[in-house]
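Some notes on the structure that comes next.
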Amino acid sequence: MFEFIKAGGWLMLPIVACSLAAATIIFERLLALRRARVLPGQLVAMLRRWTEQGTVQLAEAEALPLHSPLGRIVAAGLANRSRGRAILRERVEDAGRHVVHQLERFLNTLGTIAAISPLLGLLGTVAGMIKIFQIVSVQGNSNFSLLSVGIAEALVTTAAGLSVAIPSLLFYRYFHSRVDELVVRMEQETLELIDLLDARPPNQEPPP
């Protein structure tokens, strides 16, 4: 592996750095965007039961996993349950924007890596071709061992750049579609929660 990196020249350093960053982001996002973490089954089941009952049981909410992304939105709704529908909706939507921002964390970086990695490979190809022409201009084209250095640099950096860019782009698209799916689910649950909190009769409103 070291010989492969060495053959690509100095431009392999930023390509390797991009590969390490992409691998770290992909692993972290695979864990962070799990459905069970974003939409805990216990919390979703409780929201469904509240919807069927037509009322919110605040005593049950204390045991819910409100540290999850959906849980933070639910917590914002419960904290502002007595402030009117307009303020309630505003606070819930504000919490939702923060949650979506957290779900999309590092995705722009991953997209940037997918975009610049093949460009770094192309730059390495150009650098390798320049080296080949320099060798030919000085020593002619009879010494293949010297020419192979420039050829290897051109080919290795191109292959390395594409090897980083392709999986980065695939996971970038996958994570974006995953976030969109999770956001739609959270929006459905949130709208039902707002309707429940706003529709509750005043005599069911516990003291804050």
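Chain lettering (A, B, ...) mirrors the order of the structure tokens, residue numbering begins at 1 for each chain separately, and ligand numbering begins at 1 in order of display.
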
Find the spatial neighbours of Pro69 (chain A), counting only C-alpha atoms, within a cut-off of 8 Å - ignore same-chain residues fewer than 6 positions away - and output them as a list in words.
-> Arg37, Val38, Leu39 and Val99 of chain A

Ala23 (chain A) environment, 9 Å, only C-alpha atoms, sequence neighbours closer than 5 positions dropped, as an NGL selection string = :A and (18 or 28 or 168)

Nearest to Leu107 (chain A): which of A:Phe175, A:Glu93, A:Thr190, A:Leu47 is it, counting only C-alpha atoms?
-> A:Phe175

Quick one: of A:Ile26, A:Gln102, A:Arg34, A:Ser177, who's nearest to Val164 (chain A), counting only C-alpha atoms?
->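 For Val164 (chain A), the nearest of the given residues is A:Ile26.
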
Residues near region 114-131 of chain A, cut-off 7 Å, only C-alpha atoms, skip fewer than 5 positions along chain, as a ChimeraX atom specification | /A:11,15,150-151,153-155,157-158,160-162,164-166,168-169

Restricted to N, CA and C atoms, what would the selected residues look like written as a PDB file, in the first residue's frame?
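Once everything was written out, this is out-v1.pdb:
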```
ATOM      1  N   LEU A  11       0.560  14.291  -4.528  1.00  0.00           N
ATOM      2  CA  LEU A  11      -0.893  14.510  -4.579  1.00  0.00           C
ATOM      3  C   LEU A  11      -1.683  13.368  -3.950  1.00  0.00           C
ATOM      4  N   ILE A  15      -5.421  13.110  -1.302  1.00  0.00           N
ATOM      5  CA  ILE A  15      -6.405  12.080  -1.664  1.00  0.00           C
ATOM      6  C   ILE A  15      -6.587  11.099  -0.509  1.00  0.00           C
ATOM      7  N   GLY A 150       6.519   8.814 -14.306  1.00  0.00           N
ATOM      8  CA  GLY A 150       5.458   9.760 -14.642  1.00  0.00           C
ATOM      9  C   GLY A 150       4.163   9.062 -15.005  1.00  0.00           C
ATOM     10  N   ILE A 151       4.262   7.928 -15.711  1.00  0.00           N
ATOM     11  CA  ILE A 151       3.054   7.173 -16.085  1.00  0.00           C
ATOM     12  C   ILE A 151       2.352   6.656 -14.833  1.00  0.00           C
ATOM     13  N   GLU A 153       2.525   7.850 -11.783  1.00  0.00           N
ATOM     14  CA  GLU A 153       1.917   8.976 -11.055  1.00  0.00           C
ATOM     15  C   GLU A 153       0.602   9.390 -11.693  1.00  0.00           C
ATOM     16  N   ALA A 154       0.556   9.411 -13.011  1.00  0.00           N
ATOM     17  CA  ALA A 154      -0.666   9.812 -13.710  1.00  0.00           C
ATOM     18  C   ALA A 154      -1.792   8.815 -13.476  1.00  0.00           C
ATOM     19  N   LEU A 155      -1.480   7.525 -13.569  1.00  0.00           N
ATOM     20  CA  LEU A 155      -2.520   6.503 -13.449  1.00  0.00           C
ATOM     21  C   LEU A 155      -2.958   6.283 -12.005  1.00  0.00           C
ATOM     22  N   THR A 157      -2.835   8.318  -9.327  1.00  0.00           N
ATOM     23  CA  THR A 157      -3.638   9.397  -8.742  1.00  0.00           C
ATOM     24  C   THR A 157      -5.047   9.422  -9.316  1.00  0.00           C
ATOM     25  N   THR A 158      -5.184   9.135 -10.600  1.00  0.00           N
ATOM     26  CA  THR A 158      -6.517   9.086 -11.202  1.00  0.00           C
ATOM     27  C   THR A 158      -7.353   7.973 -10.575  1.00  0.00           C
ATOM     28  N   ALA A 160      -6.887   6.506  -7.674  1.00  0.00           N
ATOM     29  CA  ALA A 160      -7.131   6.788  -6.258  1.00  0.00           C
ATOM     30  C   ALA A 160      -8.231   7.833  -6.088  1.00  0.00           C
ATOM     31  N   GLY A 161      -8.191   8.885  -6.914  1.00  0.00           N
ATOM     32  CA  GLY A 161      -9.224   9.921  -6.820  1.00  0.00           C
ATOM     33  C   GLY A 161     -10.604   9.373  -7.099  1.00  0.00           C
ATOM     34  N   LEU A 162     -10.732   8.531  -8.111  1.00  0.00           N
ATOM     35  CA  LEU A 162     -12.027   7.929  -8.435  1.00  0.00           C
ATOM     36  C   LEU A 162     -12.464   6.947  -7.352  1.00  0.00           C
ATOM     37  N   VAL A 164     -11.980   7.170  -4.244  1.00  0.00           N
ATOM     38  CA  VAL A 164     -12.526   7.937  -3.124  1.00  0.00           C
ATOM     39  C   VAL A 164     -13.850   8.596  -3.504  1.00  0.00           C
ATOM     40  N   ALA A 165     -13.919   9.132  -4.714  1.00  0.00           N
ATOM     41  CA  ALA A 165     -15.084   9.912  -5.125  1.00  0.00           C
ATOM     42  C   ALA A 165     -16.333   9.049  -5.294  1.00  0.00           C
ATOM     43  N   ILE A 166     -16.188   7.865  -5.875  1.00  0.00           N
ATOM     44  CA  ILE A 166     -17.373   7.047  -6.188  1.00  0.00           C
ATOM     45  C   ILE A 166     -18.138   6.636  -4.930  1.00  0.00           C
ATOM     46  N   SER A 168     -17.947   7.957  -1.986  1.00  0.00           N
ATOM     47  CA  SER A 168     -18.371   9.178  -1.286  1.00  0.00           C
ATOM     48  C   SER A 168     -19.652   9.731  -1.893  1.00  0.00           C
ATOM     49  N   LEU A 169     -19.728   9.736  -3.217  1.00  0.00           N
ATOM     50  CA  LEU A 169     -20.924  10.235  -3.887  1.00  0.00           C
ATOM     51  C   LEU A 169     -22.122   9.329  -3.630  1.00  0.00           C
TER      52      LEU A 169
END
```

Would you list, as a VMD selection string, the residues of region 6-182 of chain A that end up in helix (DSSP H, G or I) under DSSP run on this structure's backbone?
-> chain A and resid 6 to 7 12 to 32 35 to 38 41 to 53 58 to 61 69 to 79 85 to 103 107 to 139 144 to 182

Expressed in Å to a single decimal, how great is the separation between CA of Ala79 (chain A) and CA of Val56 (chain A)?
->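 Separation of CA of Ala79 (chain A) and CA of Val56 (chain A): 12.7 Å.
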
Residue with smallest distance to Tyr172 (chain A) - pool A:Asp195, A:Glu104, A:Asp94, A:Glu187, counting only C-alpha atoms |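 Nearest candidate to Tyr172 (chain A) out of A:Asp195, A:Glu104, A:Asp94, A:Glu187: A:Glu104.
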
A:Trp50, A:Val100, A:Val156, A:Leu30: which is nearest Arg72 (chain A), counting only C-alpha atoms?
->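 Checking each candidate against Arg72 (chain A), we get A:Val100 as the closest.
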
Using only C-alpha atoms, which of the listed residues (A:Thr112, A:Pro14, A:Ser68, A:Leu193) sits closest to Leu33 (chain A)?
->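 For Leu33 (chain A), the nearest of the given residues is A:Ser68.
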
CA of Val16 (chain A) to CA of Gly111 (chain A), straight-line distance in Å =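 If I compute the distance from CA of Gly111 (chain A) to CA of Val16 (chain A), I get 16.1 Å.
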
From A:Ala152, A:Ala159, A:Met12, A:Leu66, residue lying nearest Val44 (chain A) [only C-alpha atoms] |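 Of all the options, A:Leu66 lies closest to Val44 (chain A).
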